[in-house]
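First up is the structure itself, then whatever we jot down about it.
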Amino acid sequence: MLVQPDRVHRSVYADPAIFDLEMERIFGRAWLVLGHESQVRNVGDYFTTRMGREPVIVSRKNNEEVAVLVNRCAHRGSTVCAEGRGNTERFVCPYHGWSYDTAGTLQAVPFASGYEKDKLPAGLKAVPRVETYRGFIFASLASQGEDLHSFLGPAKASFDDFVDRAPGGELEVAGGVFKHAYNGNWKLMIENHLDGAHPAWVHASSVAVARNAPDPGKPGEEHYSDIAVRQMRQNGAPDAVWEAIGMWTTPRGHGYMGDYHDDSRLVTGLGNPVFDLYRKKLIQEKGEAEADRILRVTLWNTIVYPNCSFMSQFRQLRIIHPLAVDRSVVYTYSFRMKNAPAAMFRDTVAFANVVNGTGSWVLTDDLEVYERIQHGLSSGAVDWVYVGRGHGRDVVESDGTRRGATGTSEIFIRAQMRAWLDYMSA
Amino acid sequence: MNPEQFLYHEARLLDTQQLEAWLALFTDDATYWVPLEHGQKDPLETSSIIHDDRTLLELRVKQARHPRAHARLPLARTVHQVGNVLVQEEKDQLTVSSTLQVIEFRNDKQRLYGALVEHRLRRANGTFKIAHKRVDLVSSEGELDGIAILF
């Protein structure tokens, strides 16, 4: 058995044959987060992305529906849409000019008399299941399986937090997309995002330099550097903070952790004037009690297994695309709250640069460690990866989640591995 | 020193890992910018690979010297090749455009970057200080491994 209660066989991270099977059984079945409706707001808007190995186009085919189409011409197989985003009426294959409408239906075929009409394909292959939840677009390459709501389960609350914080519920993807790659398995990153025991070690250098940096300014007297300095410092929170932070997992391998931030420009109520304006907007819309309930939800990362990780409170969403058993690329998106004070988005951008940016003080050390893990796991001399921190002490909660005995429990890796086994052995 | 020589001097400091001396070339109000998007106009409304004021730039140099800076141990060896230097004299500063090729070698991996660079230089004691440096990587919108070097 490759996956055991408190350990995982190294081949799960290093064997190309297992990777091939993952692409079929996990990425070929699970609901995958593809993006957000704001990326395809108008009819004809599209963007390209990946579902496991499949290149896909997410396309607004009409006012009500989004189509997800495999980006592969039905004729000889070229992608019909160049990488990127835009607005179009037709996807036209560059090879022989076959054209498709935004729903993927074949429209025109040059030299049509050369084909037997009833043998022409209907169009691009459509990904069979597409759903949205609170504006986030999900798709599954499997025509059958559990519905999106039961797949998400209690993790829906994190999407609710993401959207409820935005006045009017209005969010849009903005501010550029980081695409950073590493020579490591896709699971290494998704297994790191709820790990409260790593920052003190992996991020020791950025914590140390930030501690010696000038202190952030008081509310209303901030410096540009403050958000970066605070983020780096907070990775050095005392062990007791991480132990108490709270860590929950769901049956499908999703998970989320509580938060440890006290940055007044980013989280609730510490007297920052822009934040106060924002809070007023939320109160006008929802009333004080509900507004404060929303702002008191403190979540750090949420994982939607297999390959999405987001920070609802900080409006960041990452999608991890597996390229090979030992190569992955991560797309990071920022979201703007359309009806919040404009200055808040500048803070989101500064936060993205320091936490998720390709040149970040913080992220670069994470990437280095993923590569070093992959290197270590390529050795056949030792078989097992040990994930036993907190094992045997999980707490079952009334909403169906399991909580780690402490915030640094490796419960989230064990939950991901249980989900992995469910997909892989079904 | 003429502006062209100054750019070579700056590159030499980076390639010989004299990062503190390199940092001292910048003015106190300097900005150092590696945009994320081609033709990016704004560093505050759109993310950047690096967008630092002088405080943050100093943290990069200090991190490079930290004994547990995993992605910077060892520091990458680099060659910064400066070319196509064009100088535009203005009233109280110079705008210098150049091209930059960087070869980075670290942990058995060699990487190559190309960039269009713009410096805004102020005259100071017969040499210059950098008030603003913008490095537009040709690959900025591509899928990049983590960047732990300075351009």
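Ligands are numbered from 1 in the order shown, residues from 1 within each chain, and chains are lettered A, B, ... in the order they appear in the structure tokens.
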Exercise for the section: Find the residues around range 314-323 of chain A up to 8 Å (only C-alpha atoms counted), leave out those fewer than 3 positions away in its own chain, and share them as a PyMOL selection string. Expected result: chain A and resi 33-34+50-53+162+185-186+189-190+266+307-311+326-336+348+351-352
How close does chain A get to chain B? List, as CSV, each residue of chain A within 6 Å, its nearest atom pair and the distance in Å to one decimal, counting only C-alpha atoms.
```
residue,atom,partner,partner_atom,distance
A:Gly175,CA,B:Thr46,CA,3.9
A:Gly176,CA,B:Thr46,CA,5.7
A:Lys179,CA,B:Glu143,CA,4.8
A:His180,CA,B:Leu144,CA,4.9
A:Ala181,CA,B:Asp145,CA,4.6
A:Tyr182,CA,B:Asp145,CA,5.7
A:Ser205,CA,B:Ala69,CA,5.0
A:Val209,CA,B:Leu59,CA,5.9
A:Arg346,CA,B:Leu44,CA,5.5
A:Val349,CA,B:Ser47,CA,5.4
A:Gly357,CA,B:Ile49,CA,5.9
A:Thr358,CA,B:Gly146,CA,5.1
A:Gly359,CA,B:Ile147,CA,4.7
A:Thr364,CA,B:Gly146,CA,5.2
A:Asp365,CA,B:Ala71,CA,5.1
A:Glu368,CA,B:Ala71,CA,5.3
```
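CA of Val70 in chain A is positioned 23.3 Å from CA of Met424 in chain A.
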Exercise for the section: Apply DSSP to the structure's backbone, then extract all residues of chain B labelled helix (DSSP H, G or I) and return them as an MDAnalysis selection string. Expected result: chainID B and resid 3:15 19:23 54:64 70:72
Handout entry: DSSP strand (DSSP E or B) residues within range 205-350 of chain A, listed as number ranges by chain
Key = A: 247-249, 255-258, 299-304, 308-311, 316-324, 327-337
Saved selection, atoms kept: C-alpha atoms, as a tab-separated table (two decimals), in the first residue's frame:
```tsv
chain	number	residue	atom	x	y	z
A	247	MET	CA	-6.78	23.42	10.98
A	248	TRP	CA	-9.71	21.65	9.36
A	249	THR	CA	-9.99	19.07	6.58
A	255	GLY	CA	-8.62	21.92	4.08
A	256	TYR	CA	-8.26	25.34	5.60
A	257	MET	CA	-6.46	26.98	8.44
A	258	GLY	CA	-7.16	29.92	10.70
A	299	LEU	CA	-8.84	32.26	7.34
A	300	TRP	CA	-5.37	31.89	5.89
A	301	ASN	CA	-5.05	29.37	3.06
A	302	THR	CA	-7.88	27.14	1.86
A	303	ILE	CA	-6.98	24.12	-0.26
A	304	VAL	CA	-9.44	22.76	-2.80
A	308	CYS	CA	-6.28	25.07	-6.00
A	309	SER	CA	-5.21	27.11	-3.03
A	310	PHE	CA	-6.67	30.47	-2.09
A	311	MET	CA	-6.57	33.18	0.56
A	316	GLN	CA	-5.32	35.56	-3.79
A	317	LEU	CA	-5.97	32.36	-5.72
A	318	ARG	CA	-3.36	29.90	-6.94
A	319	ILE	CA	-3.84	27.05	-9.39
A	320	ILE	CA	-1.11	24.42	-9.55
A	321	HIS	CA	-0.72	22.85	-12.97
A	322	PRO	CA	1.17	19.55	-13.03
A	323	LEU	CA	3.50	19.37	-16.05
A	324	ALA	CA	5.45	16.21	-15.23
A	327	ARG	CA	7.75	19.80	-12.84
A	328	SER	CA	4.85	22.09	-11.93
A	329	VAL	CA	3.75	25.62	-12.73
A	330	VAL	CA	1.59	27.77	-10.47
A	331	TYR	CA	-0.68	30.56	-11.71
A	332	THR	CA	-1.46	33.19	-9.07
A	333	TYR	CA	-4.38	35.59	-9.43
A	334	SER	CA	-5.34	38.66	-7.41
A	335	PHE	CA	-8.91	39.85	-7.05
A	336	ARG	CA	-10.22	43.40	-6.78
A	337	MET	CA	-13.33	44.23	-4.75
```
